[in-house]
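Text of coords.cif (mmCIF, C-alpha atoms and all ligand atoms) as supplied:
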```cif
data_protein
loop_
_atom_site.label_atom_id
_atom_site.label_comp_id
_atom_site.auth_asym_id
_atom_site.auth_seq_id
_atom_site.Cartn_x
_atom_site.Cartn_y
_atom_site.Cartn_z
CA MET J 1 -47.38 -25.88 4.59
CA THR J 2 -43.88 -27.36 4.74
CA LYS J 3 -41.09 -25.13 5.87
CA GLN J 4 -38.89 -23.62 3.14
CA ARG J 5 -35.27 -24.62 3.33
CA GLY J 6 -32.70 -21.85 3.66
CA LYS J 7 -30.57 -20.61 0.76
CA LEU J 8 -26.84 -21.10 0.29
CA ILE J 9 -25.21 -17.86 -0.80
CA LEU J 10 -21.56 -17.87 -1.81
CA ILE J 11 -19.23 -14.90 -2.24
CA GLU J 12 -16.05 -15.67 -4.22
CA GLY J 13 -13.21 -13.66 -5.71
CA LEU J 14 -9.48 -12.99 -5.71
CA ASP J 15 -7.60 -11.95 -2.58
CA ARG J 16 -8.56 -8.59 -1.04
CA THR J 17 -11.62 -7.94 -3.21
CA GLY J 18 -13.73 -7.37 -0.10
CA LYS J 19 -15.34 -10.79 0.31
CA SER J 20 -15.16 -10.98 4.12
CA THR J 21 -16.39 -7.39 4.44
CA GLN J 22 -19.38 -8.13 2.20
CA CYS J 23 -20.16 -11.51 3.77
CA SER J 24 -20.33 -9.97 7.26
CA LEU J 25 -22.53 -7.11 6.08
CA LEU J 26 -24.83 -9.51 4.24
CA ALA J 27 -25.13 -11.90 7.19
CA GLU J 28 -25.83 -8.95 9.48
CA ARG J 29 -28.54 -7.63 7.16
CA LEU J 30 -30.14 -11.08 6.89
CA GLY J 31 -30.31 -11.16 10.67
CA GLU J 32 -31.22 -14.10 12.89
CA ARG J 33 -32.06 -16.41 10.01
CA ALA J 34 -28.49 -16.36 8.65
CA HIS J 35 -25.19 -18.02 9.45
CA LEU J 36 -21.78 -16.97 8.16
CA ILE J 37 -19.15 -19.59 7.39
CA LYS J 38 -15.69 -18.73 6.16
CA PHE J 39 -13.31 -20.99 4.25
CA PRO J 40 -10.63 -21.80 5.08
CA ASP J 41 -12.04 -22.27 8.58
CA ARG J 42 -8.78 -21.76 10.48
CA THR J 43 -10.34 -22.74 13.85
CA THR J 44 -10.20 -26.52 13.32
CA GLY J 45 -7.17 -28.83 13.45
CA ILE J 46 -7.10 -29.03 9.66
CA GLY J 47 -7.63 -25.26 9.52
CA ALA J 48 -4.62 -24.69 11.77
CA LEU J 49 -2.43 -26.63 9.32
CA ILE J 50 -3.80 -24.57 6.44
CA ASN J 51 -3.09 -21.38 8.37
CA THR J 52 0.52 -22.44 8.94
CA TYR J 53 0.89 -23.25 5.25
CA LEU J 54 -0.48 -19.83 4.22
CA THR J 55 1.50 -17.75 6.69
CA ASP J 56 4.83 -19.62 6.73
CA GLU J 57 6.49 -20.04 3.32
CA ALA J 58 9.03 -22.39 4.90
CA PHE J 59 6.27 -24.89 5.84
CA ALA J 60 6.45 -27.42 3.03
CA LEU J 61 3.54 -29.60 1.88
CA PRO J 62 2.98 -31.29 -1.48
CA ASP J 63 0.51 -29.29 -3.59
CA GLU J 64 -1.83 -32.28 -3.69
CA SER J 65 -1.85 -32.47 0.12
CA ILE J 66 -2.68 -28.81 0.75
CA HIS J 67 -5.40 -29.01 -1.91
CA LEU J 68 -6.99 -31.98 -0.14
CA LEU J 69 -6.71 -30.21 3.23
CA PHE J 70 -8.65 -27.20 1.90
CA SER J 71 -11.27 -29.64 0.60
CA ALA J 72 -11.32 -31.65 3.86
CA ASN J 73 -11.84 -28.35 5.70
CA ARG J 74 -15.06 -27.84 3.71
CA TRP J 75 -16.20 -31.41 4.41
CA GLU J 76 -15.77 -30.70 8.12
CA GLN J 77 -18.66 -28.20 7.84
CA HIS J 78 -20.78 -30.18 5.36
CA ALA J 79 -23.19 -31.76 7.84
CA ALA J 80 -23.62 -28.49 9.73
CA ILE J 81 -24.38 -26.57 6.51
CA GLU J 82 -26.90 -29.19 5.41
CA GLY J 83 -28.53 -29.10 8.83
CA MET J 84 -28.87 -25.32 8.88
CA LEU J 85 -30.32 -25.15 5.35
CA LEU J 86 -32.85 -27.90 6.08
CA ALA J 87 -33.82 -26.14 9.30
CA GLY J 88 -34.71 -23.07 7.22
CA GLN J 89 -31.61 -21.01 7.98
CA HIS J 90 -29.70 -19.14 5.25
CA VAL J 91 -25.96 -19.75 5.05
CA VAL J 92 -23.51 -17.15 3.71
CA LEU J 93 -20.20 -18.63 2.56
CA ASP J 94 -16.97 -16.63 2.38
CA ARG J 95 -15.13 -18.68 -0.32
CA TYR J 96 -15.90 -22.35 -1.11
CA VAL J 97 -15.31 -24.91 -3.86
CA TYR J 98 -14.47 -22.41 -6.63
CA SER J 99 -11.56 -20.94 -4.64
CA GLY J 100 -10.51 -24.50 -3.93
CA VAL J 101 -10.30 -25.32 -7.64
CA ALA J 102 -9.00 -21.97 -8.96
CA TYR J 103 -6.07 -21.53 -6.55
CA SER J 104 -4.88 -25.13 -6.83
CA ALA J 105 -5.28 -25.36 -10.63
CA ALA J 106 -3.44 -22.02 -11.01
CA LYS J 107 -0.29 -23.70 -9.71
CA HIS J 108 -0.13 -25.61 -13.04
CA VAL J 109 1.12 -28.77 -11.36
CA PRO J 110 1.08 -31.76 -13.76
CA GLY J 111 -1.89 -34.00 -12.94
CA MET J 112 -3.66 -31.33 -10.87
CA ASP J 113 -5.99 -30.11 -13.57
CA ARG J 114 -9.39 -28.52 -12.90
CA GLU J 115 -11.25 -31.84 -12.91
CA TRP J 116 -8.82 -33.38 -10.43
CA CYS J 117 -9.14 -30.34 -8.17
CA TYR J 118 -12.93 -30.40 -8.36
CA ALA J 119 -13.22 -34.13 -7.59
CA SER J 120 -12.60 -33.92 -3.83
CA ASP J 121 -15.47 -31.43 -3.44
CA ARG J 122 -18.05 -33.51 -5.33
CA GLY J 123 -21.02 -34.15 -3.06
CA LEU J 124 -20.83 -30.88 -1.12
CA VAL J 125 -24.00 -28.77 -1.14
CA ARG J 126 -24.36 -26.61 -4.26
CA PRO J 127 -24.79 -22.88 -3.71
CA ASP J 128 -28.11 -21.31 -4.76
CA VAL J 129 -26.21 -18.29 -5.99
CA THR J 130 -22.53 -17.36 -6.32
CA LEU J 131 -21.41 -13.73 -6.41
CA PHE J 132 -17.95 -13.36 -7.94
CA LEU J 133 -16.32 -10.09 -6.85
CA VAL J 134 -13.99 -8.58 -9.44
CA ASN J 135 -11.73 -5.58 -9.03
CA GLN J 136 -10.36 -4.35 -12.38
CA GLU J 137 -7.66 -2.43 -10.53
CA SER J 138 -4.96 -4.26 -8.65
CA ASN J 139 -6.02 -5.36 -5.17
CA ASP J 140 -2.49 -5.03 -3.83
CA THR J 141 -3.02 -1.54 -2.44
CA ARG J 142 -5.70 -2.80 -0.03
CA SER J 143 -4.48 -3.26 3.51
CA GLY J 144 -2.85 -6.57 4.34
CA PHE J 145 -2.13 -7.63 0.73
CA GLY J 146 1.13 -9.56 0.31
CA GLU J 147 1.17 -11.06 3.78
CA GLU J 148 0.18 -14.58 2.75
CA ARG J 149 1.55 -17.20 0.39
CA TYR J 150 -0.78 -16.66 -2.59
CA GLU J 151 -0.87 -12.85 -2.43
CA LYS J 152 1.48 -12.15 -5.33
CA ALA J 153 0.34 -10.22 -8.40
CA ALA J 154 1.53 -12.77 -11.00
CA PHE J 155 -0.11 -15.69 -9.19
CA GLN J 156 -3.36 -13.72 -8.68
CA GLU J 157 -3.49 -13.22 -12.48
CA ARG J 158 -3.33 -16.97 -12.97
CA VAL J 159 -6.04 -17.51 -10.37
CA ARG J 160 -8.20 -14.95 -12.18
CA SER J 161 -7.88 -16.94 -15.45
CA GLU J 162 -8.67 -20.17 -13.62
CA PHE J 163 -11.84 -18.72 -12.07
CA HIS J 164 -13.04 -17.58 -15.51
CA ALA J 165 -12.15 -20.86 -17.21
CA LEU J 166 -13.83 -22.78 -14.40
CA PHE J 167 -17.10 -20.86 -14.61
CA GLU J 168 -17.09 -21.31 -18.41
CA THR J 169 -16.29 -25.02 -18.48
CA LEU J 170 -18.64 -25.96 -15.65
CA GLY J 171 -21.51 -24.71 -17.78
CA PRO J 172 -24.83 -26.07 -16.52
CA ARG J 173 -23.15 -27.85 -13.62
CA CYS J 174 -22.29 -24.45 -12.26
CA ASP J 175 -25.25 -22.76 -10.67
CA GLU J 176 -25.97 -19.11 -11.11
CA VAL J 177 -22.68 -17.16 -10.97
CA VAL J 178 -23.06 -13.40 -11.03
CA THR J 179 -20.04 -11.15 -11.50
CA VAL J 180 -20.02 -8.08 -9.24
CA ASP J 181 -17.65 -5.36 -10.44
CA VAL J 182 -16.32 -3.65 -7.32
CA THR J 183 -13.85 -1.38 -9.13
CA GLY J 184 -13.79 2.07 -7.53
CA ARG J 185 -16.93 1.34 -5.51
CA SER J 186 -17.34 1.97 -1.82
CA ILE J 187 -18.11 -0.79 0.68
CA GLN J 188 -21.69 0.56 0.96
CA GLN J 189 -22.19 0.68 -2.82
CA VAL J 190 -21.03 -2.92 -3.20
CA GLN J 191 -23.20 -3.96 -0.27
CA GLN J 192 -26.30 -2.53 -1.91
CA GLN J 193 -25.50 -4.35 -5.15
CA VAL J 194 -24.97 -7.62 -3.25
CA TRP J 195 -28.28 -7.12 -1.46
CA ASP J 196 -30.15 -6.41 -4.71
CA LEU J 197 -28.78 -9.64 -6.21
CA VAL J 198 -29.41 -11.82 -3.17
CA GLN J 199 -32.94 -10.71 -2.35
CA PRO J 200 -34.65 -12.32 -5.36
CA VAL J 201 -32.82 -15.58 -4.61
CA LEU J 202 -34.15 -15.56 -1.04
CA ASP J 203 -37.69 -15.06 -2.31
CA GLU J 204 -37.49 -17.89 -4.88
CA PRO J 205 -39.69 -20.75 -3.74
CA ILE J 206 -37.80 -24.02 -3.78
CA ASP J 207 -38.44 -27.58 -2.65
CA SER J 208 -36.58 -28.88 0.33
CA THR J 209 -34.10 -31.08 -1.57
CA LEU J 210 -30.51 -29.92 -1.56
CA SER J 211 -28.55 -30.36 -4.75
CA THR J 212 -24.89 -31.24 -4.64
CA LEU J 213 -21.76 -30.30 -6.56
N1 LIG A 301 -7.59 -20.68 -0.70
C1 LIG A 301 -8.79 -20.65 -0.06
C2 LIG A 301 -7.18 -21.82 -1.42
O1 LIG A 301 -6.08 -21.84 -1.99
N2 LIG A 301 -8.01 -22.88 -1.50
C3 LIG A 301 -9.24 -22.89 -0.88
O2 LIG A 301 -9.96 -23.92 -0.97
C4 LIG A 301 -9.65 -21.74 -0.13
C5 LIG A 301 -10.97 -21.72 0.57
C6 LIG A 301 -6.71 -17.43 2.27
C7 LIG A 301 -6.06 -17.96 1.04
O3 LIG A 301 -6.44 -19.31 0.84
C8 LIG A 301 -6.65 -19.54 -0.53
C9 LIG A 301 -7.14 -18.22 -1.05
C10 LIG A 301 -6.39 -17.22 -0.22
O4 LIG A 301 -5.18 -16.89 -0.88
P1 LIG A 301 -8.86 -16.19 3.02
O5 LIG A 301 -8.71 -16.65 4.42
O6 LIG A 301 -10.23 -16.04 2.46
O7 LIG A 301 -8.06 -17.18 2.06
O8 LIG A 301 -8.05 -14.87 2.80
P2 LIG A 301 -8.25 -13.53 3.61
O9 LIG A 301 -6.89 -12.97 3.71
O10 LIG A 301 -9.10 -13.64 4.80
O11 LIG A 301 -9.21 -12.75 2.69
P3 LIG A 301 -8.89 -12.03 1.38
O12 LIG A 301 -7.46 -11.69 1.21
O13 LIG A 301 -9.43 -12.83 0.27
O14 LIG A 301 -9.66 -10.65 1.54
P4 LIG A 301 -11.21 -10.30 1.31
O15 LIG A 301 -12.04 -11.06 2.25
O16 LIG A 301 -11.55 -10.38 -0.12
O17 LIG A 301 -11.20 -8.76 1.65
P5 LIG A 301 -11.64 -8.03 2.98
O18 LIG A 301 -13.10 -7.91 3.05
O19 LIG A 301 -10.92 -8.62 4.10
O20 LIG A 301 -11.07 -6.59 2.65
C11 LIG A 301 -9.67 -6.33 2.47
C12 LIG A 301 -9.37 -4.85 2.77
O21 LIG A 301 -10.00 -4.02 1.80
C13 LIG A 301 -10.92 -3.12 2.42
C14 LIG A 301 -11.24 -3.74 3.77
O22 LIG A 301 -11.65 -2.77 4.69
C15 LIG A 301 -9.91 -4.39 4.13
O23 LIG A 301 -9.03 -3.46 4.65
N3 LIG A 301 -12.09 -3.00 1.54
C16 LIG A 301 -12.33 -1.96 0.73
N4 LIG A 301 -11.65 -0.83 0.51
C17 LIG A 301 -12.16 0.03 -0.41
N5 LIG A 301 -13.32 -0.17 -1.09
C18 LIG A 301 -14.05 -1.29 -0.90
N6 LIG A 301 -15.19 -1.50 -1.58
C19 LIG A 301 -13.55 -2.25 0.05
N7 LIG A 301 -13.99 -3.46 0.48
C20 LIG A 301 -13.11 -3.90 1.38
NA NA A 302 -11.35 -12.78 3.51
#
```

Represent the structure from my file as structure tokens, please.
Ligand code: T5A
Ligand code: NA
Amino acid sequence: MTKQRGKLILIEGLDRTGKSTQCSLLAERLGERAHLIKFPDRTTGIGALINTYLTDEAFALPDESIHLLFSANRWEQHAAIEGMLLAGQHVVLDRYVYSGVAYSAAKHVPGMDREWCYASDRGLVRPDVTLFLVNQESNDTRSGFGEERYEKAAFQERVRSEFHALFETLGPRCDEVVTVDVTGRSIQQVQQQVWDLVQPVLDEPIDSTLSTL
């Protein structure tokens, strides 16, 4: 019997919805067979530039450039992700292409529409499932909110619309996206819901080919 490839599980959402918390708990629960990868990956040279952009409002970059850096930061991990999946390991992603498109498109810069934003990520591995965390209440009371460039209520509203529009317009090109309502729910409650949604995906038999975005 040939070895099953691993599954690519993505957790997306607005700022401070609990993505990193849930990704860590999920990876921990999956154990040895799982890897956790966070985007932006601030540990690389490109990631360091992104970090400066996010934390220092005075650091100027054209919107097109920072968009392409976020995308390039995902391409830096592409071969590693492919390798892990083909070796039978599961990969948990903390943000990915959909953040890349939604945050950039929400800037409403002429020429940077959704299609343009998506183009630089074409060819990356497609997630087997995407969980989209939504908090109906404002996230700005959660610790740390407001420290980085995009953490402003009005901009977050625009990002929210972009995420929804993106999931709608992608249609069949967009793999399974499941909305997880985290409003008023504890970390443990959300974790159980995440686990219940992910488990059937892990059990799904699948051939070893990876599909791409
Ligand atoms: N971005 C990102 C782009 O513009 N383009 C891209 O291509 C990509 C990949 C940084 C920014 O970059 C933008 C999006 C962002 O604006 P980031 O590094 O993911 O992206 O941002 P972080 O600051 O690391 O993460 P977030 O702000 O998105 O927070 P999380 O991961 O959603 O939230 P988390 O888990 O850190 O939790 C936040 C706080 O809430 C508590 C936690 O303990 C923590 O204190 N919390 C809860 N409290 C109550 N109830 C619950 N259920 C809770 N869950 C968590
Ligand atoms: Na995070």

Please write out the residues within 7 Å of ligand LIG 301 (chain A) as an MDAnalysis selection string, counting only C-alpha atoms and all ligand atoms.
chainID J and resid 13:22 39:40 54 67 70:71 94:97 99:101 103:104 142:145 148:151 182 184:187 190

List the neighbours of stretch 3-8 of chain J out to 6 Å using all atoms listed in the file; skip same-chain residues closer than 5 positions along the sequence, and give me the result as a short mmCIF file (atom, residue, chain, number, x, y, z; two decimals) with C-alpha atoms, keeping the file's coordinate frame.
```cif
data_model
loop_
_atom_site.label_atom_id
_atom_site.label_comp_id
_atom_site.auth_asym_id
_atom_site.auth_seq_id
_atom_site.Cartn_x
_atom_site.Cartn_y
_atom_site.Cartn_z
CA LEU J 85 -30.32 -25.15 5.35
CA LEU J 86 -32.85 -27.90 6.08
CA GLY J 88 -34.71 -23.07 7.22
CA GLN J 89 -31.61 -21.01 7.98
CA HIS J 90 -29.70 -19.14 5.25
CA VAL J 91 -25.96 -19.75 5.05
CA PRO J 127 -24.79 -22.88 -3.71
CA ASP J 128 -28.11 -21.31 -4.76
CA SER J 208 -36.58 -28.88 0.33
#
```

Using all atoms listed in the file, which of the listed residues (J:Lys107, J:Arg42, J:Arg29, J:His35) sits closest to ligand NA 302 (chain A)?
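Counting all atoms listed in the file, the residue closest to ligand NA 302 (chain A) is J:Arg42.
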
Any idea what the distance is between atom CA of J:Thr183 and atom CA of J:Asn135?
4.7 Å

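Distance check against ligand NA 302 (chain A) using all atoms listed in the file: of J:Ala87, J:Ile9, J:Ala48, J:Leu93, the minimum falls on J:Leu93.
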
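Interatomic distance, atom CA of J:Ala72 to atom CA of J:Asp121: 8.4 Å.
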
What gap, in Å, lies between atom CA of J:Leu131 and atom CA of J:Val180?
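If I compute the distance from atom CA of J:Leu131 to atom CA of J:Val180, I get 6.5 Å.
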
In the coordinates of the file, take the point (-5.4, -8.2, -18.1) and a cut-off of 10 Å; then, counting only C-alpha atoms, name each qualifying protein, DNA or RNA residue as a count of residues only.
5

Go through J:Leu210, J:Ala80, J:Leu133, J:Val194 one by one, measure the shortest atom-to-atom distance of each to J:Asp181 using all atoms listed in the file, and give the residue with the smallest value.
J:Leu133
